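Below is my_file.cif, which holds mmCIF, C-alpha atoms.
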data_start
loop_
_atom_site.label_atom_id
_atom_site.label_comp_id
_atom_site.auth_asym_id
_atom_site.auth_seq_id
_atom_site.Cartn_x
_atom_site.Cartn_y
_atom_site.Cartn_z
CA MET A 423 47.30 38.54 -50.00
CA GLU A 424 43.87 38.19 -51.44
CA VAL A 425 40.73 37.34 -49.49
CA GLU A 426 41.28 34.43 -47.11
CA HIS A 427 39.21 31.72 -48.71
CA GLN A 428 38.22 28.83 -46.50
CA LEU A 429 36.33 25.65 -47.21
CA TRP A 430 32.74 25.35 -46.11
CA ILE A 431 33.63 22.74 -43.54
CA THR A 432 36.44 24.85 -42.13
CA GLY A 433 33.88 27.61 -41.82
CA ILE A 434 31.68 25.32 -39.75
CA PHE A 435 34.61 24.42 -37.49
CA ASN A 436 35.66 28.04 -37.11
CA HIS A 437 32.11 29.12 -36.37
CA HIS A 438 31.35 26.57 -33.67
CA LEU A 439 34.66 25.36 -32.29
CA SER A 440 36.84 28.47 -32.37
CA GLY A 441 36.86 28.73 -28.56
CA PRO A 442 38.69 25.48 -27.74
CA ALA A 443 41.04 25.91 -30.73
CA ASN A 444 41.99 29.44 -29.66
CA TRP A 445 42.63 28.23 -26.12
CA LEU A 446 44.83 25.38 -27.35
CA LEU A 447 46.87 27.56 -29.71
CA SER A 448 47.37 30.29 -27.10
CA SER A 449 48.41 27.82 -24.42
CA LEU A 450 51.00 26.42 -26.84
CA GLY A 451 52.17 29.95 -27.61
CA LEU A 452 51.55 29.75 -31.36
CA ALA A 453 50.62 32.91 -33.27
CA HIS A 454 47.32 32.64 -35.06
CA ASP A 455 44.39 34.61 -36.41
CA PRO A 456 41.74 34.53 -33.64
CA ALA A 457 38.87 34.56 -36.11
CA ARG A 458 40.19 31.50 -37.97
CA PRO A 459 42.05 29.14 -35.65
CA TRP A 460 41.17 26.06 -37.71
CA SER A 461 43.06 25.82 -40.98
CA ASP A 462 41.82 23.96 -44.04
CA TRP A 463 44.38 21.23 -43.83
CA MET A 464 43.84 20.60 -40.11
CA VAL A 465 40.11 20.18 -40.58
CA CYS A 466 40.45 17.87 -43.58
CA GLU A 467 43.10 15.79 -41.83
CA ILE A 468 40.86 15.32 -38.78
CA LEU A 469 37.99 14.43 -41.09
CA VAL A 470 40.03 11.78 -42.91
CA ALA A 471 41.38 10.35 -39.65
CA ALA A 472 37.85 10.16 -38.20
CA PHE A 473 36.63 8.48 -41.38
CA ILE A 474 39.41 5.88 -41.23
CA PHE A 475 38.78 5.18 -37.57
CA ILE A 476 35.06 4.75 -38.05
CA PHE A 477 35.39 2.74 -41.25
CA PHE A 478 37.91 0.23 -39.96
CA GLY A 479 36.34 0.16 -36.52
CA THR A 480 32.96 -0.86 -37.86
CA MET A 481 34.36 -3.19 -40.52
CA ARG A 482 36.39 -5.07 -37.94
CA GLY A 483 33.29 -6.49 -36.34
CA ARG A 484 31.90 -7.68 -39.63
CA PHE A 485 34.76 -9.81 -40.88
CA SER A 486 33.93 -13.49 -41.27
CA VAL A 487 36.05 -16.41 -42.37
CA ASP A 488 33.31 -18.39 -44.13
CA ARG A 489 31.44 -15.70 -46.01
CA PRO A 490 33.71 -12.74 -46.71
CA GLY A 491 32.04 -9.80 -48.40
CA VAL A 492 33.33 -7.44 -51.06
CA VAL A 493 34.92 -5.01 -48.59
CA GLN A 494 36.69 -7.81 -46.77
CA HIS A 495 38.12 -9.13 -50.05
CA THR A 496 39.36 -5.66 -50.99
CA LEU A 497 40.96 -5.07 -47.62
CA GLU A 498 42.57 -8.50 -47.73
CA LEU A 499 43.99 -7.65 -51.15
CA ILE A 500 45.49 -4.45 -49.77
CA TYR A 501 46.85 -6.33 -46.75
CA GLU A 502 48.48 -8.98 -48.95
CA PHE A 503 49.96 -6.31 -51.16
CA ILE A 504 51.57 -4.47 -48.24
CA HIS A 505 52.73 -7.78 -46.74
CA ALA A 506 54.40 -8.84 -49.98
CA GLN A 507 56.05 -5.45 -50.42
CA ALA A 508 57.34 -5.50 -46.85
CA GLU A 509 58.86 -8.93 -47.31
CA GLU A 510 60.47 -7.87 -50.55
CA ALA A 511 61.79 -4.50 -49.44
CA VAL A 512 62.73 -5.08 -45.82
CA GLY A 513 63.61 -8.76 -45.81
CA HIS A 514 62.33 -11.62 -43.76
CA GLU A 515 61.33 -9.50 -40.75
CA GLY A 516 59.43 -6.99 -42.87
CA PRO A 517 55.90 -7.87 -41.83
CA LYS A 518 56.72 -7.04 -38.21
CA PHE A 519 56.57 -3.35 -39.11
CA MET A 520 53.48 -3.61 -41.24
CA ALA A 521 51.37 -1.53 -38.89
CA PHE A 522 53.47 1.56 -39.60
CA PHE A 523 53.70 0.95 -43.33
CA GLY A 524 49.99 0.26 -43.67
CA THR A 525 49.10 3.38 -41.73
CA ILE A 526 51.41 5.51 -43.85
CA PHE A 527 50.01 4.09 -47.08
CA LEU A 528 46.31 4.28 -46.23
CA PHE A 529 46.48 7.64 -44.48
CA ILE A 530 48.47 9.35 -47.24
CA LEU A 531 46.27 7.72 -49.88
CA CYS A 532 43.07 8.99 -48.26
CA LEU A 533 44.58 12.45 -47.65
CA ASN A 534 45.59 12.70 -51.30
CA LEU A 535 42.27 11.48 -52.60
CA ILE A 536 40.06 13.74 -50.51
CA GLY A 537 41.35 16.69 -52.54
CA LEU A 538 39.57 15.34 -55.61
CA ILE A 539 36.18 15.82 -53.98
CA PRO A 540 34.93 19.36 -54.63
CA GLY A 541 34.64 21.25 -51.37
CA PHE A 542 37.63 19.58 -49.70
CA ASP A 543 41.37 20.19 -49.84
CA SER A 544 44.22 17.71 -49.81
CA PRO A 545 46.11 18.29 -46.57
CA THR A 546 49.19 16.91 -48.31
CA MET A 547 49.09 19.99 -50.53
CA TYR A 548 50.36 22.09 -47.60
CA PRO A 549 54.03 21.56 -46.74
CA MET A 550 53.43 20.90 -43.04
CA VAL A 551 51.57 17.63 -43.47
CA PRO A 552 54.18 15.75 -45.55
CA LEU A 553 56.81 17.13 -43.19
CA GLY A 554 54.98 15.47 -40.32
CA PHE A 555 54.96 12.14 -42.13
CA ALA A 556 58.63 12.44 -43.07
CA VAL A 557 59.79 13.32 -39.56
CA ALA A 558 57.71 10.46 -38.14
CA THR A 559 59.28 8.06 -40.64
CA PHE A 560 62.77 9.37 -39.82
CA PHE A 561 62.35 8.79 -36.09
CA TYR A 562 60.67 5.45 -36.70
CA TYR A 563 63.39 3.91 -38.83
CA ASN A 564 66.15 5.15 -36.56
CA ALA A 565 64.32 3.85 -33.48
CA VAL A 566 63.72 0.51 -35.17
CA GLY A 567 67.38 0.31 -36.19
CA ILE A 568 68.60 1.03 -32.68
CA LYS A 569 66.17 -1.50 -31.26
CA ALA A 570 67.26 -4.21 -33.70
CA ASN A 571 71.00 -3.59 -33.66
CA GLY A 572 71.59 -1.95 -30.29
CA ILE A 573 74.70 0.21 -30.20
CA GLY A 574 75.89 -1.56 -33.33
CA TYR A 575 73.57 0.74 -35.29
CA ILE A 576 76.51 3.14 -35.48
CA ARG A 577 78.23 0.61 -37.74
CA HIS A 578 75.80 1.60 -40.50
CA PHE A 579 77.31 5.07 -40.53
CA VAL A 580 80.92 3.95 -40.53
CA GLY A 581 81.15 2.34 -43.93
CA PRO A 582 83.05 -0.70 -45.14
CA MET A 583 86.46 0.02 -43.57
CA VAL A 584 87.09 1.41 -40.09
CA TRP A 585 89.77 3.86 -41.21
CA LEU A 586 87.30 5.43 -43.66
CA ALA A 587 85.10 6.48 -40.73
CA PRO A 588 86.09 10.19 -40.54
CA LEU A 589 85.10 10.52 -44.20
CA MET A 590 82.05 8.29 -44.15
CA ILE A 591 80.35 9.53 -41.00
CA PRO A 592 79.64 13.12 -42.21
CA ILE A 593 78.56 11.80 -45.61
CA GLU A 594 76.24 9.25 -44.06
CA ILE A 595 74.78 11.77 -41.62
CA ILE A 596 74.06 14.24 -44.38
CA SER A 597 72.50 11.59 -46.57
CA HIS A 598 70.36 10.40 -43.67
CA LEU A 599 69.23 13.96 -43.00
CA ALA A 600 68.40 14.39 -46.69
CA ARG A 601 65.88 11.55 -46.46
CA PRO A 602 63.07 13.37 -44.60
CA LEU A 603 63.73 16.39 -46.81
CA SER A 604 63.29 14.39 -49.98
CA LEU A 605 60.25 12.54 -48.63
CA THR A 606 58.57 15.83 -47.72
CA LEU A 607 59.41 17.58 -50.96
CA ARG A 608 58.39 14.69 -53.16
CA LEU A 609 54.91 14.32 -51.68
CA PHE A 610 54.28 18.03 -51.23
CA ALA A 611 55.53 19.07 -54.66
CA ASN A 612 53.56 16.36 -56.47
CA MET A 613 50.29 17.30 -54.80
CA PHE A 614 50.89 21.04 -55.00
CA ALA A 615 51.95 20.91 -58.64
CA GLY A 616 48.92 18.80 -59.48
CA GLU A 617 46.62 21.43 -57.99
CA GLN A 618 48.46 24.32 -59.68
CA VAL A 619 48.38 22.64 -63.08
CA TYR A 620 44.69 21.96 -62.61
CA LEU A 621 43.96 25.60 -61.75
CA THR A 622 46.06 26.80 -64.71
CA PHE A 623 44.12 24.67 -67.13
CA ILE A 624 40.82 25.68 -65.60
CA SER A 625 41.66 29.27 -66.40
CA LEU A 626 42.94 28.44 -69.89
CA THR A 627 40.37 25.95 -71.21
CA LYS A 628 37.30 25.81 -69.05
CA VAL A 629 36.06 22.23 -69.44
CA ILE A 630 37.19 18.80 -70.68
CA ILE A 631 40.99 19.34 -70.45
CA PRO A 632 41.06 19.88 -66.66
CA ALA A 633 39.25 16.57 -66.25
CA VAL A 634 42.25 14.86 -67.88
CA PHE A 635 44.49 16.47 -65.30
CA VAL A 636 42.22 15.29 -62.52
CA GLY A 637 42.75 11.79 -63.86
CA LEU A 638 46.50 12.33 -63.83
CA HIS A 639 46.30 13.72 -60.29
CA LEU A 640 44.39 10.60 -59.21
CA PHE A 641 47.12 8.35 -60.61
CA VAL A 642 49.86 10.49 -59.06
CA SER A 643 48.09 10.39 -55.66
CA LEU A 644 48.07 6.60 -55.68
CA LEU A 645 51.65 6.42 -56.88
CA GLN A 646 52.97 8.93 -54.34
CA ALA A 647 51.30 7.14 -51.42
CA TYR A 648 52.82 3.85 -52.62
CA ILE A 649 56.25 5.42 -53.08
CA PHE A 650 56.22 6.97 -49.62
CA MET A 651 55.44 3.59 -48.11
CA LEU A 652 58.08 1.90 -50.29
CA LEU A 653 60.80 4.35 -49.31
CA ALA A 654 59.87 3.99 -45.65
CA MET A 655 60.26 0.23 -46.08
CA ILE A 656 63.63 0.64 -47.78
CA TYR A 657 64.90 2.89 -45.00
CA VAL A 658 63.66 0.48 -42.33
CA GLY A 659 65.26 -2.36 -44.27
CA GLY A 660 68.56 -0.52 -44.35
CA ALA A 661 68.37 0.21 -40.63
CA VAL A 662 67.39 -3.29 -39.57
CA SER A 663 69.88 -5.18 -41.72
CA HIS A 664 72.44 -7.11 -39.74
CA GLU A 665 75.84 -6.58 -41.27
CA HIS A 666 77.88 -9.74 -41.15
CA MET B 500 24.65 3.95 -73.51
CA LYS B 501 22.72 7.20 -73.23
CA HIS B 502 22.75 6.83 -69.47
CA LEU B 503 26.52 6.35 -69.54
CA LEU B 504 27.03 9.47 -71.65
CA MET B 505 24.89 11.50 -69.32
CA MET B 506 26.89 10.31 -66.32
CA ILE B 507 30.21 11.08 -68.00
CA SER B 508 29.17 14.61 -68.94
CA PHE B 509 27.84 15.19 -65.43
CA ALA B 510 31.14 14.01 -63.94
CA LEU B 511 33.07 16.37 -66.22
CA MET B 512 30.89 19.26 -65.14
CA ALA B 513 31.33 18.33 -61.50
CA PHE B 514 35.12 18.32 -61.89
CA ALA B 515 34.93 21.92 -63.06
CA SER B 516 33.75 23.10 -59.64
CA PRO B 517 36.74 25.44 -59.02
CA LEU B 518 35.27 27.53 -61.85
CA LEU B 519 32.75 28.73 -59.30
CA ALA B 520 35.59 29.87 -57.05
CA GLN B 521 37.35 31.58 -59.92
CA ALA B 522 35.03 34.58 -60.16
CA PRO B 523 36.23 36.77 -57.23
CA ALA B 524 39.96 36.09 -57.76
CA GLY B 525 41.91 37.28 -60.85
CA GLY B 526 42.03 40.74 -62.29
CA PRO B 527 44.96 42.19 -64.24
CA PRO B 528 48.18 40.14 -64.11
CA PRO B 529 50.81 41.45 -61.66
CA VAL B 530 53.42 43.83 -63.11
CA HIS B 531 57.04 43.20 -62.06
CA ALA B 532 59.80 45.81 -61.87
CA PRO B 533 62.76 45.35 -64.26
CA SER B 534 64.95 44.48 -61.27
CA GLU B 535 62.87 41.32 -60.87
CA TRP B 536 63.33 40.15 -64.45
CA GLY B 537 66.67 38.45 -63.83
CA ARG B 538 65.27 36.38 -60.97
CA MET B 539 62.18 35.43 -62.94
CA ALA B 540 64.20 34.51 -66.03
CA ALA B 541 66.50 32.34 -63.92
CA ALA B 542 63.53 30.58 -62.34
CA TYR B 543 61.86 29.85 -65.67
CA LEU B 544 65.11 28.69 -67.24
CA ALA B 545 65.90 26.46 -64.28
CA MET B 546 62.50 24.83 -64.45
CA GLY B 547 62.80 24.19 -68.18
CA LEU B 548 66.29 22.74 -67.81
CA ALA B 549 65.23 20.50 -64.94
CA SER B 550 62.19 19.23 -66.80
CA GLY B 551 64.18 18.53 -69.94
CA LEU B 552 66.93 16.61 -68.19
CA CYS B 553 64.35 14.74 -66.11
CA GLY B 554 62.62 13.77 -69.34
CA LEU B 555 65.90 12.44 -70.75
CA GLY B 556 66.60 10.41 -67.63
CA GLN B 557 63.13 8.94 -67.46
CA GLY B 558 63.24 8.14 -71.16
CA ARG B 559 66.42 6.13 -70.68
CA ALA B 560 64.95 4.33 -67.68
CA THR B 561 61.76 3.46 -69.53
CA ALA B 562 63.66 2.32 -72.63
CA SER B 563 65.89 -0.01 -70.63
CA ALA B 564 62.92 -1.37 -68.71
CA ALA B 565 60.92 -2.04 -71.87
CA GLU B 566 63.86 -3.80 -73.50
CA ALA B 567 64.50 -5.89 -70.37
CA MET B 568 60.85 -6.87 -70.16
CA ALA B 569 60.91 -7.93 -73.80
CA ARG B 570 64.01 -10.03 -73.27
CA ASN B 571 62.88 -11.70 -70.07
CA PRO B 572 59.13 -11.93 -69.72
CA GLY B 573 59.48 -13.95 -66.54
CA ALA B 574 61.01 -11.04 -64.63
CA VAL B 575 58.36 -8.50 -65.64
CA ALA B 576 57.13 -7.92 -62.08
CA ALA B 577 60.59 -7.17 -60.68
CA ILE B 578 61.48 -4.96 -63.64
CA ARG B 579 58.23 -3.05 -63.27
CA PHE B 580 58.97 -2.50 -59.60
CA ALA B 581 62.44 -1.14 -60.38
CA LEU B 582 61.04 1.00 -63.18
CA ILE B 583 58.38 2.66 -61.02
CA LEU B 584 60.86 3.29 -58.22
CA GLY B 585 63.41 4.78 -60.61
CA LEU B 586 60.86 6.98 -62.38
CA VAL B 587 59.55 8.41 -59.13
CA LEU B 588 63.03 9.18 -57.80
CA ILE B 589 64.00 10.95 -61.05
CA GLU B 590 60.70 12.84 -61.05
CA SER B 591 61.34 14.13 -57.56
CA LEU B 592 64.55 15.82 -58.76
CA ALA B 593 62.58 17.96 -61.19
CA LEU B 594 60.07 18.71 -58.45
CA TYR B 595 62.82 20.00 -56.15
CA THR B 596 63.55 22.57 -58.87
CA LEU B 597 59.88 23.51 -58.96
CA VAL B 598 59.93 24.19 -55.23
CA ILE B 599 63.07 26.32 -55.58
CA THR B 600 61.25 28.27 -58.30
CA PHE B 601 58.56 29.17 -55.83
CA VAL B 602 61.15 30.05 -53.19
CA ALA B 603 62.96 32.37 -55.61
CA ARG B 604 59.94 34.62 -56.18
#
Take the structure in this file and express it as structure tokens.
Amino acid sequence: MEVEHQLWITGIFNHHLSGPANWLLSSLGLAHDPARPWSDWMVCEILVAAFIFIFFGTMRGRFSVDRPGVVQHTLELIYEFIHAQAEEAVGHEGPKFMAFFGTIFLFILCLNLIGLIPGFDSPTMYPMVPLGFAVATFFYYNAVGIKANGIGYIRHFVGPMVWLAPLMIPIEIISHLARPLSLTLRLFANMFAGEQVYLTFISLTKVIIPAVFVGLHLFVSLLQAYIFMLLAMIYVGGAVSHEH
Amino acid sequence: MKHLLMMISFALMAFASPLLAQAPAGGPPPVHAPSEWGRMAAAYLAMGLASGLCGLGQGRATASAAEAMARNPGAVAAIRFALILGLVLIESLALYTLVITFVAR
């Protein structure tokens, strides 16, 4: 391939922190390039996670009931939005799982948006990061379903009639396994295609037109984060539903 | 107004930052052997077909949603929700084809 291009911040990480990263990767037995243990997406993901921690950690102490500020109003809007969506998509017990949905939404949103800042990369542009989210969602909705329904969770796979079970169970298992695949591909392909289209238009027409595509990418980032959260809610809703 | 124009043009210039990264990469476009042409043609055709059919599907979804919203302005929020969900799911089908295009290279 061509020259390995890394972001300036990945260069800082690789320059100063390569020792601990090399030790961790070798102890886990993963093959890596010793000169560049930190990858672009890992560094940007840690950056976004640290930003979210620090932002919400400091804002938490400044919330007040009598005199809410601008940030508190905005965060309350986002909270109400996720709450309403959870009630609509999951049912009456939706808001119980709001921690997971809110984390998915805000984390994916921030990961998508950091790619718009020059000098940073969207971690969701690399296939591993959306795969992590999708696998986490898969385990979460199955775990929630088993916790809510007990062993009766199997009834979701059986279908409407008991004698249809030998036909329905393979179909249901395959469709359940297709869910993390589709979640991963949707998020990854949208972000990756956005970047590729942007680079293509940069090489074709140098200015003005790529800015339009950045606007489109911004809209798609918001939409894809919302859709990931919505689909997670729908899957949790399907798993938690009590069949009568 | 002048201040606003200056800020807009500065933002457009700032968005063009990958231009700075463009200089070392590039060169002559890669030349493919004739044995690769079949695979490339299939990939391009598949992507065009997927995009066209996706466009048809999304057009139908949008048309139905617009008509439903015109008939029943009280249900606009629910219809908009169903529209966005449907559009994104149809879009993802075309994107699966894009990923297969990259796999087929």
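Picture a line from atom CA of A:Pro459 to atom CA of A:Leu447; it runs 7.8 Å.
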Show which residues sit within 12 Å of A:Leu638, as a ChimeraX atom specification. Count only C-alpha atoms, and ignore same-chain residues fewer than 2 positions away.
/A:538,612-613,615-617,619-620,631-636,640-646
Show me, as an mmCIF file with C-alpha atoms, in the coordinates of the input, the residues that have an atom within 12 Å of A:Tyr548 when counting all atoms listed in the file, minus same-chain residues fewer than 5 positions from it.
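That gives us part_28.cif:
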data_model
loop_
_atom_site.group_PDB
_atom_site.id
_atom_site.type_symbol
_atom_site.label_atom_id
_atom_site.label_comp_id
_atom_site.auth_asym_id
_atom_site.auth_seq_id
_atom_site.Cartn_x
_atom_site.Cartn_y
_atom_site.Cartn_z
ATOM 1 C CA SER A 461 43.060 25.820 -40.980
ATOM 2 C CA ASP A 462 41.820 23.960 -44.040
ATOM 3 C CA TRP A 463 44.380 21.230 -43.830
ATOM 4 C CA MET A 464 43.840 20.600 -40.110
ATOM 5 C CA CYS A 466 40.450 17.870 -43.580
ATOM 6 C CA GLU A 467 43.100 15.790 -41.830
ATOM 7 C CA LEU A 533 44.580 12.450 -47.650
ATOM 8 C CA ASN A 534 45.590 12.700 -51.300
ATOM 9 C CA GLY A 537 41.350 16.690 -52.540
ATOM 10 C CA ASP A 543 41.370 20.190 -49.840
ATOM 11 C CA LEU A 553 56.810 17.130 -43.190
ATOM 12 C CA GLY A 554 54.980 15.470 -40.320
ATOM 13 C CA THR A 606 58.570 15.830 -47.720
ATOM 14 C CA LEU A 607 59.410 17.580 -50.960
ATOM 15 C CA LEU A 609 54.910 14.320 -51.680
ATOM 16 C CA PHE A 610 54.280 18.030 -51.230
ATOM 17 C CA ALA A 611 55.530 19.070 -54.660
ATOM 18 C CA ASN A 612 53.560 16.360 -56.470
ATOM 19 C CA MET A 613 50.290 17.300 -54.800
ATOM 20 C CA PHE A 614 50.890 21.040 -55.000
ATOM 21 C CA ALA A 615 51.950 20.910 -58.640
ATOM 22 C CA GLU A 617 46.620 21.430 -57.990
#
What is the distance, in Å and to one decimal place, between atom CA of A:Leu499 and atom CA of A:Tyr562?
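The value is 25.7 Å.
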Point-to-point distance in Å for atom CA of A:Ser440 and atom CA of A:Pro456
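Here the two named atoms are 7.9 Å from each other.
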Between B:Gly558, B:Ala581, B:Leu597, B:Val602, which one has atoms that come closest to B:Ala545, using only C-alpha atoms?
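Answer, going by the shortest atom-to-atom distance: B:Leu597.
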Go through B:Met506, B:Ala532, B:Val598, B:Met539 one by one, measure the shortest atom-to-atom distance of each to chain A using all atoms listed in the file, and give the residue with the smallest value.
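Ranked by minimum distance to chain A, first place goes to B:Val598.
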Which residues come within 9 Å of A:Ile591, counting all atoms listed in the file, excluding same-chain residues fewer than 4 positions away, as JSON, numbers by chain?
{"A": [579, 580, 581, 586, 587, 595, 596]}
Spell out the residues picked by the PyMOL selection byres ((chain A and resi 605) around 12) here, as a PyMOL selection string.
(chain A and resi 546+549+551-560+598-604+606-612+646-647+649-654+657) or (chain B and resi 587-588+591-592+594-595)
Using only C-alpha atoms, the shortest atom-to-atom distance to chain B among A:Gly491, A:Ile593, A:Ala511, A:Tyr575 belongs to A:Ala511
A:Arg577 environment, 10 Å, only C-alpha atoms, sequence neighbours closer than 5 positions dropped, as a list in words
Asn571, Pro582, Val584, Ala587, Ile591, His664 and Glu665 of chain A
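Residues in contact range of B:Gly556, defined as at most 12 Å between all atoms listed in the file, with sequence neighbours fewer than 2 positions away removed, read Ala549, Ser550, Gly551, Leu552, Cys553, Gly554, Gly558, Arg559, Ala560, Thr561, Ala562, Ser563, Leu582, Gly585, Leu586, Val587, Leu588, Ile589, Glu590, Ser591, Leu592 and Ala593 of chain B.
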Given only C-alpha atoms as the basis, pick out the residue of B:Met500, B:Ile507, B:Met568, B:Met546 nearest to B:Ile599.
B:Met546
